[in-house]
Amino acid sequence: MAVIVQSSGVKRWQLWRPPVEAPMRDFNESWRVWRENYIPDWEAAGPDMVVDLRPGQSLLLPRGWVHNPHVVDADEGSVHLTFAIRERTPVWLAEKLVAGAIEEPTFRRIIAPGDIGGAALAERVRETRDALVTYLAALDVDELALAVRRAAMIELEYMT
């Protein structure tokens, strides 16, 4: 998500809705799953919305909205500032929940190559799921919430 603030000139924002709700990472985030037909398809369909942003105005650009900003009057300069918002998602929280599992020897054991397939793999998945449930149930949620809050304030990665 971003907040766009127009400081001078006029900029036209062509906007297209995301093809899926709340795209992120490998889940249909456009630059990670880029296809050559995207631009021609968007241009052929036309934008879902067009906004002319004038000095002093701002635009909230939700995550996943495809955008094509351009200057309206080529003879007039145009400047805008973009402020990216560090969104947090349940996937981000889940990653924080399991991050400490690496400290448990159970999660560092080798899975034998012969177990990567068939019934043996299903059993390893089952064992790991059960170990993870036990690990998660033992976490001090209040203590972890404090650590997660600190992480939310200092992590530089904003694609969550």
# chains A, B, ... in the order shown; residues from 1 in each chain; ligands from 1

call {"tool": "select_by_dssp", "arguments": {"residues": "chain A", "states": "strand (DSSP E or B)", "output": "PyMOL selection string"}}
result
chain A and resi 2-8+11-16+24+27+49-53+58-61+66-71+79-84

call {"tool": "write_last_selection", "arguments": {"atoms": "N, CA and C atoms", "output": "short mmCIF file (atom, residue, chain, number, x, y, z; two decimals), in the first residue's frame"}}
result
data_model
loop_
_atom_site.label_atom_id
_atom_site.label_comp_id
_atom_site.auth_asym_id
_atom_site.auth_seq_id
_atom_site.Cartn_x
_atom_site.Cartn_y
_atom_site.Cartn_z
N ALA A 2 0.42 2.27 -0.64
CA ALA A 2 1.21 3.50 -0.69
C ALA A 2 0.27 4.71 -0.62
N VAL A 3 0.83 5.78 -0.11
CA VAL A 3 0.15 7.07 -0.14
C VAL A 3 0.95 7.94 -1.10
N ILE A 4 0.27 8.47 -2.10
CA ILE A 4 0.89 9.33 -3.09
C ILE A 4 0.46 10.77 -2.77
N VAL A 5 1.44 11.67 -2.67
CA VAL A 5 1.15 13.08 -2.39
C VAL A 5 1.69 13.90 -3.56
N GLN A 6 0.80 14.62 -4.21
CA GLN A 6 1.18 15.46 -5.35
C GLN A 6 1.65 16.81 -4.82
N SER A 7 2.88 17.18 -5.16
CA SER A 7 3.39 18.45 -4.64
C SER A 7 3.40 19.56 -5.69
N SER A 8 3.53 19.24 -6.97
CA SER A 8 3.43 20.27 -8.01
C SER A 8 2.99 19.64 -9.32
N LYS A 11 -0.69 15.11 -12.23
CA LYS A 11 -0.31 13.78 -12.70
C LYS A 11 -1.58 12.95 -12.83
N ARG A 12 -1.71 12.28 -13.98
CA ARG A 12 -2.86 11.40 -14.23
C ARG A 12 -2.47 9.98 -13.85
N TRP A 13 -3.30 9.37 -13.02
CA TRP A 13 -3.07 8.00 -12.57
C TRP A 13 -4.11 7.10 -13.19
N GLN A 14 -3.67 6.22 -14.09
CA GLN A 14 -4.54 5.17 -14.60
C GLN A 14 -4.40 4.00 -13.63
N LEU A 15 -5.54 3.46 -13.20
CA LEU A 15 -5.53 2.42 -12.17
C LEU A 15 -6.35 1.21 -12.61
N TRP A 16 -5.79 0.02 -12.37
CA TRP A 16 -6.47 -1.24 -12.66
C TRP A 16 -6.58 -2.03 -11.36
N MET A 24 0.10 -10.80 -2.95
CA MET A 24 1.35 -10.61 -2.21
C MET A 24 2.33 -11.70 -2.58
N PHE A 27 1.90 -14.92 -4.57
CA PHE A 27 0.47 -15.02 -4.82
C PHE A 27 0.02 -13.83 -5.66
N MET A 49 -10.10 2.96 -13.34
CA MET A 49 -10.27 4.27 -12.73
C MET A 49 -9.16 5.19 -13.24
N VAL A 50 -9.47 6.46 -13.41
CA VAL A 50 -8.47 7.46 -13.76
C VAL A 50 -8.61 8.61 -12.78
N VAL A 51 -7.49 9.01 -12.18
CA VAL A 51 -7.48 10.09 -11.20
C VAL A 51 -6.45 11.12 -11.62
N ASP A 52 -6.87 12.39 -11.71
CA ASP A 52 -5.93 13.48 -11.93
C ASP A 52 -5.57 14.05 -10.57
N LEU A 53 -4.34 13.88 -10.17
CA LEU A 53 -3.88 14.32 -8.86
C LEU A 53 -3.26 15.71 -8.99
N SER A 58 -3.85 13.91 -2.30
CA SER A 58 -3.16 12.63 -2.08
C SER A 58 -4.05 11.50 -2.57
N LEU A 59 -3.41 10.36 -2.80
CA LEU A 59 -4.09 9.17 -3.30
C LEU A 59 -3.62 7.98 -2.48
N LEU A 60 -4.55 7.23 -1.96
CA LEU A 60 -4.22 5.98 -1.28
C LEU A 60 -4.25 4.88 -2.34
N LEU A 61 -3.11 4.25 -2.56
CA LEU A 61 -2.99 3.21 -3.57
C LEU A 61 -2.89 1.86 -2.87
N VAL A 66 -2.63 -2.02 -10.11
CA VAL A 66 -1.68 -1.68 -11.17
C VAL A 66 -1.89 -0.21 -11.48
N HIS A 67 -0.79 0.53 -11.66
CA HIS A 67 -0.91 1.96 -11.87
C HIS A 67 0.04 2.44 -12.96
N ASN A 68 -0.41 3.44 -13.68
CA ASN A 68 0.38 4.06 -14.74
C ASN A 68 0.26 5.57 -14.59
N PRO A 69 1.14 6.17 -13.78
CA PRO A 69 1.08 7.63 -13.62
C PRO A 69 1.83 8.33 -14.76
N HIS A 70 1.29 9.42 -15.21
CA HIS A 70 2.00 10.22 -16.22
C HIS A 70 1.57 11.69 -16.13
N VAL A 71 2.46 12.54 -16.59
CA VAL A 71 2.23 13.99 -16.55
C VAL A 71 1.13 14.34 -17.54
N VAL A 79 5.67 16.81 -9.75
CA VAL A 79 6.41 16.09 -8.71
C VAL A 79 5.42 15.48 -7.74
N HIS A 80 5.63 14.21 -7.45
CA HIS A 80 4.84 13.56 -6.39
C HIS A 80 5.78 12.77 -5.50
N LEU A 81 5.33 12.55 -4.26
CA LEU A 81 6.06 11.73 -3.30
C LEU A 81 5.26 10.47 -3.04
N THR A 82 5.96 9.36 -2.92
CA THR A 82 5.31 8.09 -2.62
C THR A 82 5.77 7.61 -1.25
N PHE A 83 4.82 7.32 -0.38
CA PHE A 83 5.11 6.79 0.94
C PHE A 83 4.59 5.36 1.01
N ALA A 84 5.51 4.39 1.05
CA ALA A 84 5.10 2.99 1.13
C ALA A 84 4.75 2.65 2.58
#

call {"tool": "select_by_dssp", "arguments": {"residues": "chain A", "states": "alpha helix (DSSP H)", "output": "number ranges by chain"}}
result
A: 38-45, 90-99, 118-138, 141-154

call {"tool": "residues_around", "arguments": {"residues": "region 98-115 of chain A", "least_positions_apart": "5", "cutoff": "8 Å", "atoms": "only C-alpha atoms", "output": "list in words"}}
result
Ala120, Leu121, Arg124, Thr128, Ala131, Leu132, Tyr135 and Leu136 of chain A

call {"tool": "closest_atom_pairs", "arguments": {"of": "region 34-132 of chain A", "to": "region 140-149 of chain A", "cutoff": "8 Å", "atoms": "only C-alpha atoms", "output": "Markdown table"}}
result
| residue | atom | partner | partner_atom | distance |
| --- | --- | --- | --- | --- |
| A:Leu93 | CA | A:Val148 | CA | 7.8 |
| A:Lys96 | CA | A:Val148 | CA | 6.9 |
| A:Leu97 | CA | A:Leu144 | CA | 7.8 |
